[in-house]
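Shown below: start.cif, with mmCIF, C-alpha atoms.
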data_target
#
loop_
_atom_site.label_atom_id
_atom_site.label_comp_id
_atom_site.auth_asym_id
_atom_site.auth_seq_id
_atom_site.Cartn_x
_atom_site.Cartn_y
_atom_site.Cartn_z
CA MET A 1 -14.06 107.17 -88.92
CA PRO A 2 -16.28 106.28 -85.97
CA ALA A 3 -15.64 107.65 -82.50
CA ASN A 4 -12.85 105.73 -80.74
CA GLY A 5 -15.20 103.92 -78.43
CA ARG A 6 -17.12 102.36 -81.28
CA VAL A 7 -14.37 100.23 -82.79
CA PRO A 8 -14.07 96.89 -80.99
CA THR A 9 -10.63 96.23 -79.53
CA PRO A 10 -10.27 92.88 -81.37
CA THR A 11 -10.74 94.81 -84.63
CA LEU A 12 -7.88 97.13 -83.67
CA GLU A 13 -5.73 94.13 -82.76
CA ARG A 14 -6.44 92.55 -86.13
CA LEU A 15 -5.64 95.82 -87.94
CA ALA A 16 -2.14 95.59 -86.46
CA THR A 17 -1.87 92.00 -87.71
CA TYR A 18 -2.97 93.08 -91.20
CA MET A 19 -0.27 95.77 -91.16
CA THR A 20 2.39 93.22 -90.32
CA VAL A 21 1.21 90.82 -93.03
CA LEU A 22 0.95 93.62 -95.60
CA ALA A 23 4.51 94.71 -94.81
CA GLY A 24 5.67 91.16 -95.53
CA LEU A 25 3.73 90.99 -98.80
CA LYS A 26 5.04 94.40 -99.86
CA SER A 27 8.62 93.37 -99.18
CA ARG A 28 8.07 90.33 -101.41
CA GLY A 29 6.81 92.55 -104.23
CA VAL A 30 3.13 91.61 -103.96
CA GLU A 31 1.01 94.52 -105.19
CA THR A 32 -2.59 93.35 -104.77
CA VAL A 33 -4.36 91.09 -102.27
CA SER A 34 -7.83 89.67 -101.86
CA SER A 35 -9.57 89.12 -98.55
CA ILE A 36 -9.04 85.38 -99.16
CA ASP A 37 -5.28 86.00 -99.43
CA ILE A 38 -5.45 87.81 -96.10
CA GLU A 39 -7.30 84.85 -94.60
CA GLN A 40 -4.58 82.49 -95.82
CA HIS A 41 -1.82 84.64 -94.35
CA THR A 42 -3.45 85.49 -91.03
CA GLY A 43 -5.94 82.74 -90.28
CA ILE A 44 -8.48 85.56 -89.89
CA ASN A 45 -11.68 84.87 -91.80
CA ALA A 46 -12.06 86.91 -95.02
CA ALA A 47 -15.49 88.19 -93.97
CA GLN A 48 -14.05 89.31 -90.63
CA PHE A 49 -11.30 91.17 -92.46
CA ARG A 50 -13.83 93.01 -94.62
CA LYS A 51 -15.93 93.81 -91.55
CA ASP A 52 -12.90 95.15 -89.70
CA LEU A 53 -12.15 97.52 -92.56
CA SER A 54 -15.79 98.56 -92.89
CA TYR A 55 -15.54 100.59 -89.68
CA PHE A 56 -13.29 102.98 -91.53
CA GLY A 57 -14.93 103.42 -94.93
CA GLU A 58 -14.45 101.89 -98.36
CA PHE A 59 -11.37 99.86 -99.19
CA GLY A 60 -10.40 97.81 -102.21
CA ARG A 61 -12.15 97.33 -105.52
CA PRO A 62 -14.59 94.51 -106.30
CA GLY A 63 -12.96 91.89 -108.48
CA VAL A 64 -9.56 93.55 -108.16
CA GLY A 65 -8.86 93.41 -104.44
CA TYR A 66 -6.78 95.66 -102.29
CA ASP A 67 -3.67 97.56 -103.25
CA VAL A 68 -1.09 96.36 -100.72
CA SER A 69 0.74 99.68 -100.29
CA ASP A 70 -2.42 101.73 -100.17
CA LEU A 71 -4.14 99.43 -97.67
CA ARG A 72 -1.10 99.40 -95.43
CA ALA A 73 -0.85 103.18 -95.56
CA ARG A 74 -4.52 103.59 -94.71
CA ILE A 75 -4.38 101.21 -91.76
CA SER A 76 -1.23 102.96 -90.61
CA ARG A 77 -3.15 106.26 -90.68
CA ILE A 78 -6.08 104.73 -88.76
CA LEU A 79 -3.70 103.52 -86.05
CA LYS A 80 -1.96 106.92 -85.95
CA LEU A 81 1.31 105.41 -87.08
CA GLU A 82 1.97 107.64 -90.06
CA GLU A 83 4.09 109.81 -87.84
CA ARG A 84 6.60 108.53 -85.33
CA GLN A 85 5.07 107.91 -81.90
CA LYS A 86 7.37 108.65 -79.02
CA VAL A 87 7.34 106.21 -76.10
CA LEU A 88 8.77 106.52 -72.58
CA LEU A 89 10.11 103.32 -71.07
CA VAL A 90 10.04 102.95 -67.29
CA GLY A 91 12.24 100.09 -66.14
CA ALA A 92 15.67 99.48 -67.61
CA GLY A 93 16.02 95.88 -66.45
CA ASN A 94 16.03 92.77 -68.62
CA LEU A 95 12.58 93.24 -70.08
CA GLY A 96 13.07 96.98 -70.60
CA SER A 97 16.31 96.25 -72.39
CA ALA A 98 14.63 93.66 -74.62
CA LEU A 99 11.89 96.15 -75.51
CA ALA A 100 14.28 99.02 -76.17
CA GLY A 101 16.27 96.77 -78.49
CA TYR A 102 13.25 95.30 -80.28
CA ALA A 103 13.68 96.32 -83.91
CA PRO A 104 10.10 95.69 -85.13
CA LEU A 105 8.77 98.52 -82.96
CA ARG A 106 11.03 101.08 -84.55
CA ALA A 107 10.27 99.65 -87.99
CA GLU A 108 6.60 100.40 -87.33
CA ASN A 109 7.19 103.99 -86.19
CA PHE A 110 7.33 103.56 -82.43
CA GLU A 111 10.38 105.21 -80.93
CA ILE A 112 11.42 104.69 -77.35
CA VAL A 113 12.81 108.16 -76.71
CA ALA A 114 13.88 107.76 -73.09
CA ALA A 115 14.43 105.03 -70.52
CA PHE A 116 13.89 105.64 -66.81
CA ASP A 117 14.79 103.71 -63.69
CA ASN A 118 14.98 104.32 -59.96
CA ASP A 119 18.12 102.22 -59.52
CA ARG A 120 21.17 104.42 -58.86
CA ALA A 121 23.35 101.69 -60.34
CA LYS A 122 21.54 101.98 -63.68
CA ILE A 123 20.93 105.73 -63.94
CA GLY A 124 23.47 107.38 -66.25
CA LYS A 125 24.29 104.13 -68.01
CA SER A 126 23.24 103.46 -71.57
CA LEU A 127 20.47 101.22 -72.91
CA TRP A 128 20.81 100.67 -76.65
CA GLY A 129 22.25 104.17 -77.00
CA LEU A 130 19.64 105.80 -74.73
CA ALA A 131 20.85 107.31 -71.49
CA ILE A 132 19.00 105.78 -68.53
CA LEU A 133 17.41 108.68 -66.65
CA ASP A 134 16.19 109.06 -63.09
CA VAL A 135 12.47 108.30 -62.97
CA ASP A 136 12.10 111.13 -60.46
CA ASN A 137 12.83 113.53 -63.33
CA ILE A 138 10.31 112.03 -65.74
CA VAL A 139 7.89 114.98 -65.63
CA GLU A 140 10.48 117.57 -66.61
CA GLU A 141 12.17 115.24 -69.12
CA ASN A 142 8.87 114.68 -70.89
CA ARG A 143 8.16 118.39 -70.98
CA ARG A 144 11.03 118.44 -73.46
CA LEU A 145 10.29 115.10 -75.17
CA GLY A 146 6.50 115.34 -75.48
CA ALA A 147 5.82 111.58 -75.51
CA ARG A 148 2.22 110.51 -74.94
CA MET A 149 2.83 106.78 -74.66
CA GLY A 150 4.57 104.84 -71.91
CA ILE A 151 5.72 101.32 -71.17
CA ILE A 152 5.97 99.92 -67.64
CA ALA A 153 8.61 97.20 -67.36
CA VAL A 154 9.28 97.32 -63.62
CA PRO A 155 8.61 94.73 -60.90
CA ALA A 156 5.06 94.45 -59.58
CA ASN A 157 5.74 96.43 -56.41
CA ALA A 158 6.97 99.46 -58.36
CA ALA A 159 4.34 99.46 -61.11
CA GLN A 160 1.65 101.66 -59.54
CA GLU A 161 4.18 104.39 -58.76
CA ALA A 162 5.56 104.14 -62.30
CA ALA A 163 2.04 104.55 -63.67
CA GLU A 164 1.42 107.61 -61.54
CA LYS A 165 4.66 109.19 -62.71
CA LEU A 166 3.81 108.51 -66.34
CA VAL A 167 0.37 110.09 -65.88
CA GLU A 168 1.93 113.10 -64.16
CA ALA A 169 4.28 113.37 -67.15
CA GLN A 170 1.19 113.71 -69.43
CA VAL A 171 1.34 110.22 -70.87
CA VAL A 172 -2.14 109.04 -71.88
CA THR A 173 -1.59 105.44 -73.02
CA ILE A 174 0.34 102.82 -71.07
CA LEU A 175 1.50 99.33 -71.96
CA ASN A 176 1.96 97.58 -68.62
CA PHE A 177 4.03 94.41 -68.25
CA ALA A 178 3.82 94.23 -64.45
CA PRO A 179 1.35 91.67 -63.06
CA VAL A 180 -0.62 94.36 -61.29
CA VAL A 181 -3.99 96.03 -61.88
CA LEU A 182 -3.07 99.70 -62.21
CA ARG A 183 -5.30 102.39 -60.75
CA ILE A 184 -5.26 105.18 -63.31
CA PRO A 185 -7.44 108.14 -64.26
CA ARG A 186 -10.23 107.59 -66.77
CA HIS A 187 -8.56 109.57 -69.54
CA VAL A 188 -5.63 107.11 -69.64
CA THR A 189 -5.81 103.91 -71.71
CA VAL A 190 -3.91 100.89 -70.38
CA ARG A 191 -3.14 97.53 -71.92
CA ASN A 192 -1.63 94.76 -69.85
CA VAL A 193 0.71 92.02 -71.00
CA ASP A 194 1.14 89.38 -68.32
CA PHE A 195 3.52 86.56 -69.18
CA PHE A 196 2.18 84.43 -66.33
CA GLN A 197 -1.35 84.83 -67.61
CA GLU A 198 -0.31 83.83 -71.13
CA LEU A 199 1.40 80.67 -69.93
CA ALA A 200 -1.41 79.85 -67.49
CA VAL A 201 -4.01 79.85 -70.26
CA LEU A 202 -1.75 77.52 -72.26
CA SER A 203 -1.15 75.31 -69.25
CA PHE A 204 -4.91 74.86 -68.84
CA HIS A 205 -4.99 73.47 -72.39
CA LEU A 206 -2.37 70.82 -71.74
CA PRO A 207 -3.88 67.40 -72.36
CA MET B 1 -15.08 70.57 -64.81
CA PRO B 2 -16.32 71.18 -68.36
CA ALA B 3 -14.39 69.96 -71.40
CA ASN B 4 -11.53 72.32 -72.25
CA GLY B 5 -13.30 73.82 -75.22
CA ARG B 6 -16.21 75.00 -73.14
CA VAL B 7 -14.41 77.49 -70.92
CA PRO B 8 -14.10 80.87 -72.64
CA THR B 9 -10.53 82.10 -73.01
CA PRO B 10 -11.28 85.41 -71.23
CA THR B 11 -12.40 83.35 -68.21
CA LEU B 12 -9.06 81.54 -68.21
CA GLU B 13 -7.22 84.85 -68.49
CA ARG B 14 -9.16 86.22 -65.54
CA LEU B 15 -8.46 83.08 -63.50
CA ALA B 16 -4.75 83.88 -63.84
CA THR B 17 -5.44 87.43 -62.66
CA TYR B 18 -7.36 86.12 -59.64
CA MET B 19 -4.41 83.88 -58.80
CA THR B 20 -2.03 86.85 -58.85
CA VAL B 21 -4.35 88.95 -56.68
CA LEU B 22 -4.94 86.08 -54.25
CA ALA B 23 -1.18 85.59 -53.89
CA GLY B 24 -0.87 89.26 -52.93
CA LEU B 25 -3.71 89.03 -50.41
CA LYS B 26 -2.28 85.85 -48.93
CA SER B 27 1.14 87.43 -48.50
CA ARG B 28 -0.53 90.30 -46.61
CA GLY B 29 -2.23 87.84 -44.26
CA VAL B 30 -5.75 88.20 -45.66
CA GLU B 31 -7.68 84.97 -45.08
CA THR B 32 -11.11 85.56 -46.60
CA VAL B 33 -12.36 87.60 -49.56
CA SER B 34 -15.72 88.47 -51.03
CA SER B 35 -16.44 88.83 -54.74
CA ILE B 36 -16.70 92.58 -54.08
CA ASP B 37 -13.15 92.56 -52.68
CA ILE B 38 -12.03 90.82 -55.85
CA GLU B 39 -13.76 93.49 -57.91
CA GLN B 40 -11.95 96.20 -55.98
CA HIS B 41 -8.57 94.55 -56.50
CA THR B 42 -8.95 93.55 -60.12
CA GLY B 43 -11.48 95.90 -61.65
CA ILE B 44 -13.33 92.73 -62.74
CA ASN B 45 -17.01 92.86 -61.92
CA ALA B 46 -18.04 90.71 -58.91
CA ALA B 47 -20.74 88.94 -60.93
CA GLN B 48 -18.20 88.14 -63.63
CA PHE B 49 -15.88 86.68 -61.01
CA ARG B 50 -18.62 84.42 -59.68
CA LYS B 51 -19.56 83.38 -63.22
CA ASP B 52 -15.92 82.57 -64.04
CA LEU B 53 -15.73 80.28 -61.02
CA SER B 54 -19.09 78.68 -61.79
CA TYR B 55 -17.55 76.79 -64.73
CA PHE B 56 -15.63 74.73 -62.20
CA GLY B 57 -18.12 73.95 -59.46
CA GLU B 58 -18.97 75.45 -56.08
CA PHE B 59 -16.64 77.92 -54.41
CA GLY B 60 -16.99 80.03 -51.29
CA ARG B 61 -19.73 80.14 -48.68
CA PRO B 62 -22.70 82.53 -48.76
CA GLY B 63 -22.22 85.34 -46.25
CA VAL B 64 -18.67 84.23 -45.48
CA GLY B 65 -16.89 84.55 -48.80
CA TYR B 66 -13.93 82.70 -50.17
CA ASP B 67 -11.00 81.29 -48.28
CA VAL B 68 -7.98 82.94 -49.92
CA SER B 69 -5.64 79.95 -49.69
CA ASP B 70 -8.24 77.44 -50.73
CA LEU B 71 -9.46 79.51 -53.68
CA ARG B 72 -5.92 80.07 -54.89
CA ALA B 73 -5.14 76.36 -54.60
CA ARG B 74 -8.27 75.41 -56.50
CA ILE B 75 -7.60 77.87 -59.34
CA SER B 76 -4.02 76.64 -59.43
CA ARG B 77 -5.33 73.10 -59.88
CA ILE B 78 -7.73 74.19 -62.64
CA LEU B 79 -4.86 75.83 -64.52
CA LYS B 80 -2.67 72.73 -64.01
CA LEU B 81 -0.18 74.71 -61.97
CA GLU B 82 -0.11 72.54 -58.88
CA GLU B 83 2.89 70.77 -60.29
CA ARG B 84 5.81 72.49 -61.95
CA GLN B 85 5.31 72.94 -65.71
CA LYS B 86 8.47 72.64 -67.74
CA VAL B 87 8.96 75.10 -70.57
CA LEU B 88 11.41 75.09 -73.50
CA LEU B 89 12.65 78.50 -74.60
CA VAL B 90 13.66 78.95 -78.24
CA GLY B 91 15.64 82.14 -78.74
CA ALA B 92 18.34 83.23 -76.32
CA GLY B 93 18.46 86.87 -77.40
CA ASN B 94 17.32 89.89 -75.40
CA LEU B 95 13.72 88.86 -75.07
CA GLY B 96 14.59 85.23 -74.31
CA SER B 97 16.97 86.41 -71.65
CA ALA B 98 14.33 88.66 -70.10
CA LEU B 99 11.86 85.76 -70.03
CA ALA B 100 14.36 83.28 -68.60
CA GLY B 101 15.17 85.75 -65.83
CA TYR B 102 11.57 86.69 -65.08
CA ALA B 103 11.03 85.67 -61.46
CA PRO B 104 7.20 85.71 -61.39
CA LEU B 105 7.03 82.76 -63.79
CA ARG B 106 9.07 80.53 -61.54
CA ALA B 107 7.09 81.75 -58.52
CA GLU B 108 3.95 80.46 -60.24
CA ASN B 109 5.40 77.04 -61.08
CA PHE B 110 6.62 77.58 -64.62
CA GLU B 111 10.19 76.45 -65.08
CA ILE B 112 12.19 77.20 -68.19
CA VAL B 113 14.22 74.01 -68.29
CA ALA B 114 16.27 74.64 -71.43
CA ALA B 115 17.14 77.49 -73.78
CA PHE B 116 17.84 76.89 -77.47
CA ASP B 117 19.34 79.01 -80.21
CA ASN B 118 20.73 78.53 -83.71
CA ASP B 119 23.49 81.10 -83.22
CA ARG B 120 26.91 79.41 -82.89
CA ALA B 121 28.09 82.40 -80.87
CA LYS B 122 25.42 81.76 -78.22
CA ILE B 123 25.35 77.95 -78.07
CA GLY B 124 27.27 76.66 -75.07
CA LYS B 125 27.04 79.96 -73.21
CA SER B 126 24.85 80.38 -70.16
CA LEU B 127 21.50 82.12 -69.78
CA TRP B 128 20.59 82.64 -66.13
CA GLY B 129 22.38 79.43 -65.27
CA LEU B 130 20.87 77.46 -68.17
CA ALA B 131 23.21 76.20 -70.87
CA ILE B 132 22.16 77.50 -74.28
CA LEU B 133 21.67 74.43 -76.47
CA ASP B 134 21.66 73.95 -80.23
CA VAL B 135 18.09 74.12 -81.50
CA ASP B 136 18.93 71.33 -83.93
CA ASN B 137 19.12 69.01 -80.90
CA ILE B 138 15.80 70.06 -79.41
CA VAL B 139 14.01 66.77 -80.17
CA GLU B 140 16.53 64.59 -78.38
CA GLU B 141 17.01 67.09 -75.54
CA ASN B 142 13.29 67.11 -74.86
CA ARG B 143 13.15 63.31 -74.89
CA ARG B 144 15.10 63.67 -71.66
CA LEU B 145 13.38 66.81 -70.33
CA GLY B 146 9.76 65.99 -71.18
CA ALA B 147 8.54 69.58 -71.46
CA ARG B 148 5.17 70.08 -73.13
CA MET B 149 5.23 73.89 -73.29
CA GLY B 150 7.41 76.12 -75.45
CA ILE B 151 8.18 79.81 -75.88
CA ILE B 152 9.26 81.29 -79.21
CA ALA B 153 11.42 84.39 -78.75
CA VAL B 154 13.20 84.46 -82.10
CA PRO B 155 12.99 86.98 -84.95
CA ALA B 156 10.01 86.75 -87.30
CA ASN B 157 11.91 84.97 -90.07
CA ALA B 158 12.95 82.12 -87.75
CA ALA B 159 9.64 81.65 -85.94
CA GLN B 160 7.92 79.10 -88.19
CA GLU B 161 10.96 76.82 -88.10
CA ALA B 162 11.16 77.19 -84.31
CA ALA B 163 7.48 76.21 -84.07
CA GLU B 164 8.02 73.12 -86.21
CA LYS B 165 10.96 72.05 -84.08
CA LEU B 166 8.95 72.51 -80.89
CA VAL B 167 6.10 70.43 -82.33
CA GLU B 168 8.55 67.74 -83.41
CA ALA B 169 9.89 67.77 -79.85
CA GLN B 170 6.36 66.89 -78.60
CA VAL B 171 5.52 70.34 -77.28
CA VAL B 172 1.75 70.95 -77.40
CA THR B 173 1.37 74.56 -76.23
CA ILE B 174 3.38 77.49 -77.59
CA LEU B 175 3.67 81.09 -76.46
CA ASN B 176 4.83 82.97 -79.55
CA PHE B 177 6.41 86.43 -79.35
CA ALA B 178 7.34 86.66 -83.04
CA PRO B 179 5.04 88.85 -85.17
CA VAL B 180 4.13 85.93 -87.39
CA VAL B 181 1.05 83.75 -87.80
CA LEU B 182 2.37 80.25 -87.13
CA ARG B 183 1.13 77.28 -89.12
CA ILE B 184 0.83 74.47 -86.60
CA PRO B 185 -1.06 71.19 -86.28
CA ARG B 186 -4.52 71.23 -84.75
CA HIS B 187 -3.48 69.49 -81.55
CA VAL B 188 -1.14 72.36 -80.64
CA THR B 189 -2.42 75.45 -78.80
CA VAL B 190 -0.71 78.76 -79.57
CA ARG B 191 -0.97 82.16 -77.95
CA ASN B 192 0.64 85.18 -79.53
CA VAL B 193 2.08 88.21 -77.81
CA ASP B 194 2.88 90.95 -80.28
CA PHE B 195 4.43 94.09 -78.81
CA PHE B 196 3.71 96.06 -81.99
CA GLN B 197 0.05 95.08 -81.82
CA GLU B 198 -0.18 96.15 -78.18
CA LEU B 199 1.30 99.57 -78.88
CA ALA B 200 -0.73 100.00 -82.08
CA VAL B 201 -4.02 99.54 -80.21
CA LEU B 202 -2.87 102.13 -77.68
CA SER B 203 -1.72 104.48 -80.42
CA PHE B 204 -5.21 104.36 -81.96
CA HIS B 205 -6.57 105.62 -78.65
CA LEU B 206 -4.32 108.67 -78.53
CA PRO B 207 -6.47 111.79 -78.48
#

Structure encoded using structure tokens:
Amino acid sequence: MPANGRVPTPTLERLATYMTVLAGLKSRGVETVSSIDIEQHTGINAAQFRKDLSYFGEFGRPGVGYDVSDLRARISRILKLEERQKVLLVGAGNLGSALAGYAPLRAENFEIVAAFDNDRAKIGKSLWGLAILDVDNIVEENRRLGARMGIIAVPANAAQEAAEKLVEAQVVTILNFAPVVLRIPRHVTVRNVDFFQELAVLSFHLP
Amino acid sequence: MPANGRVPTPTLERLATYMTVLAGLKSRGVETVSSIDIEQHTGINAAQFRKDLSYFGEFGRPGVGYDVSDLRARISRILKLEERQKVLLVGAGNLGSALAGYAPLRAENFEIVAAFDNDRAKIGKSLWGLAILDVDNIVEENRRLGARMGIIAVPANAAQEAAEKLVEAQVVTILNFAPVVLRIPRHVTVRNVDFFQELAVLSFHLP
């Protein structure tokens, strides 16, 4: 496998899409797929699919195709999803609640192991069976939990502080939903999901 | 302004980011910014910022910079956000609820004007003051509402049907949160947000 930096991010994004499609095929009893099948299911060009896989070695057999279970397992390994990945959630509001209750994440081996908030009215209550903890205790809580991934689902004005707390708690990857550019140390990887941005790009395309 | 197809999607995404940053600067009383200021606030290279704007004509004055209010207004116009954009929400579950209650969207002129579901237990109830309507009535409801944007926040197995109903209701842009590749007519623009994909890319980057 190449060094992390060498795999383009769009390739990683497509690998996740392949995993989802392969799970669907597997559940329908499909055992083998071709790159053309993948194109039909994903809209991703067959040649692109083969190129994406080529970063990680040899897959499939000429004239036979790809074994669905095997391919899914190998992509799962590439994305470090063979073992359960623990995730800390900061923000137990509406969005945090939707994420904590989102079944597909757990199905794919992501486990939100703790939810944090700074709102006294929320701390101690339960979010989908998780106790909502005081974000001020996140460092010591994660000493016990050992999560390396975090999600920020707090309002914009609280996001930078949430990021700093996650970093202090030894989290090294953050999925940020706040419409804020986080200042974080170089060793931390951040991805941003901005609902406004998504709708704005669509709005531009209105006729 | 160039034809829609000519502006790269990453440019459009960055325009939304500039709008968010400019709103923050404006609220703090900042009147003028340079491209270097923008770089400091967004992490987006100053030359990239100038290139992004160059698709849409002349902005700013050499040696003076950009007027914050004017630049924000012009980007808002480019993204068709000067007037309120109506949005139909399909799926009144946890995620739909989080989206309907997400204040930053309304602040930026997106208005979720109706929420739809196929769950008898939800129909007729209220979501943030919106009545939850039967998705089977979406076509006639939107004849009255005239929304051209839609959000799909339903489980994967209901997403394709939701997309078809939105298209039938004359919606032409869809933000899809279901982990499914939608089959839609060419005249419809779709963007996908897949929480699993976001976390999977981060998981790959774990040391």

Residues of chain B within 6 Å of chain A: nearest atom pair and distance (Å, one decimal) for each, counting all atoms listed in the file, sorted by chain and number, as CSV?
residue,atom,partner,partner_atom,distance
B:Leu12,CA,A:Val201,CA,5.7
B:Glu13,CA,A:Gln197,CA,5.9
B:Ala16,CA,A:Gln197,CA,5.2
B:Thr42,CA,A:Val181,CA,5.8
B:Leu79,CA,A:Phe204,CA,4.4
B:Lys80,CA,A:Phe204,CA,5.7
B:Asn94,CA,A:Ala98,CA,4.7
B:Leu95,CA,A:Ala98,CA,4.9
B:Ala98,CA,A:Asn94,CA,4.7
B:Leu105,CA,A:Phe196,CA,5.7
B:Thr173,CA,A:Leu202,CA,5.9
B:Val181,CA,A:Thr42,CA,5.8
B:Phe196,CA,A:Leu105,CA,5.7
B:Gln197,CA,A:Ala16,CA,5.2
B:Val201,CA,A:Leu12,CA,5.7
B:Leu202,CA,A:Thr173,CA,5.9
B:Phe204,CA,A:Leu79,CA,4.4

Practice task
Run the PyMOL selection byres ((chain A and resi 168) around 12) against the file shown and list the residues it catches, as an MDAnalysis selection string.
Solution key: chainID A and resid 135:143 148 150 161:167 169:172 184:185 188

Problem - Atom pair CA of Arg6 in chain A / CA of Asp52 in chain A: separation (Å) - result: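 According to the coordinates, CA of Arg6 in chain A and CA of Asp52 in chain A are separated by 11.9 Å.
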
Handout entry: From A:Pro8, A:Leu53, A:Gly129, A:Tyr18, residue lying nearest Glu39 in chain A [only C-alpha atoms]
Key =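 Once distances to Glu39 in chain A are computed over only C-alpha atoms, the minimum belongs to A:Tyr18.
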
Problem - Long-range neighbours of Ala46 in chain A as a ChimeraX atom specification, 7 Å cut-off, all atoms listed in the file, 6 positions minimum in chain - result: /A:35-36,38-39

Handout entry: For CA of Val33 in chain A and CA of Ser54 in chain A, the interatomic separation in Å (one decimal)
Key =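 These two atoms are separated by 16.6 Å.
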
Handout entry: Atom-to-atom span, CA of Ile152 in chain A and CA of Ala131 in chain A, Å
Key = 17.1 Å

Handout entry: Residue nearest Ala153 in chain A among A:Val7, A:Val90, A:Leu127, A:Ile75 (counting all atoms listed in the file)
Key =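 Of the candidates, the smallest distance to Ala153 in chain A is held by A:Val90.
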
Practice task
For Val30 in chain B, list every protein, DNA or RNA residue within 12 Å, evaluated using only C-alpha atoms, and leave out those in the same chain fewer than 4 positions away; present the list as a PyMOL selection string.
Solution key: chain B and resi 21-26+34+37+66-69

Draw an axis-aligned box tight on the listed atoms of range 199-206 of chain B, then pad every side by 6 Å and write out centre and edge lengths in Å to one decimal as AutoDock Vina command-line options.
--center_x -2.6 --center_y 104.1 --center_z -79.9 --size_x 19.9 --size_y 21.1 --size_z 16.4

Handout entry: Option closest in space to Leu71 in chain B, from B:Leu88, B:Ala114, B:Glu31, B:Tyr55 [counting only C-alpha atoms]
Key =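 Ranked by minimum distance to Leu71 in chain B, first place goes to B:Glu31.
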
Exercise for the section: Tell me which of B:Gly60, B:Ala147, B:Lys51, B:Asp117 sits closest to Arg72 in chain B, counting only C-alpha atoms. Expected result: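 The answer is B:Gly60, which sits nearest to Arg72 in chain B.
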
Practice task
Using all atoms listed in the file, pick whichever of A:Ile132, A:Arg186, A:Lys86, A:Ser27 has the shortest atom-to-atom distance to Leu145 in chain A.
Solution key: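 For Leu145 in chain A, the nearest of the candidates is A:Lys86.
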
Filled-in N, CA and C atoms of range 187-198 of chain B, supplied as an mmCIF file, in the frame of the given file:
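Result went into rebuild_8.cif, see below:
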data_model
loop_
_atom_site.group_PDB
_atom_site.id
_atom_site.type_symbol
_atom_site.label_atom_id
_atom_site.label_comp_id
_atom_site.auth_asym_id
_atom_site.auth_seq_id
_atom_site.Cartn_x
_atom_site.Cartn_y
_atom_site.Cartn_z
ATOM 1 N N HIS B 187 -3.553 69.921 -82.958
ATOM 2 C CA HIS B 187 -3.480 69.490 -81.550
ATOM 3 C C HIS B 187 -2.616 70.436 -80.713
ATOM 4 N N VAL B 188 -2.008 71.433 -81.359
ATOM 5 C CA VAL B 188 -1.140 72.360 -80.640
ATOM 6 C C VAL B 188 -1.884 73.674 -80.383
ATOM 7 N N THR B 189 -1.796 74.173 -79.153
ATOM 8 C CA THR B 189 -2.420 75.450 -78.800
ATOM 9 C C THR B 189 -1.354 76.541 -78.807
ATOM 10 N N VAL B 190 -1.653 77.636 -79.495
ATOM 11 C CA VAL B 190 -0.710 78.760 -79.570
ATOM 12 C C VAL B 190 -1.353 80.005 -79.007
ATOM 13 N N ARG B 191 -0.586 80.789 -78.265
ATOM 14 C CA ARG B 191 -0.970 82.160 -77.950
ATOM 15 C C ARG B 191 0.124 83.081 -78.446
ATOM 16 N N ASN B 192 -0.307 84.218 -78.972
ATOM 17 C CA ASN B 192 0.640 85.180 -79.530
ATOM 18 C C ASN B 192 0.699 86.428 -78.681
ATOM 19 N N VAL B 193 1.892 86.903 -78.417
ATOM 20 C CA VAL B 193 2.080 88.210 -77.810
ATOM 21 C C VAL B 193 2.880 89.033 -78.798
ATOM 22 N N ASP B 194 2.276 90.131 -79.240
ATOM 23 C CA ASP B 194 2.880 90.950 -80.280
ATOM 24 C C ASP B 194 3.006 92.372 -79.744
ATOM 25 N N PHE B 195 4.226 92.770 -79.425
ATOM 26 C CA PHE B 195 4.430 94.090 -78.810
ATOM 27 C C PHE B 195 3.963 95.216 -79.733
ATOM 28 N N PHE B 196 4.181 95.044 -81.040
ATOM 29 C CA PHE B 196 3.710 96.060 -81.990
ATOM 30 C C PHE B 196 2.196 96.197 -81.897
ATOM 31 N N GLN B 197 1.509 95.051 -81.888
ATOM 32 C CA GLN B 197 0.050 95.080 -81.820
ATOM 33 C C GLN B 197 -0.424 95.815 -80.556
ATOM 34 N N GLU B 198 0.216 95.515 -79.442
ATOM 35 C CA GLU B 198 -0.180 96.150 -78.180
ATOM 36 C C GLU B 198 -0.047 97.672 -78.263
#
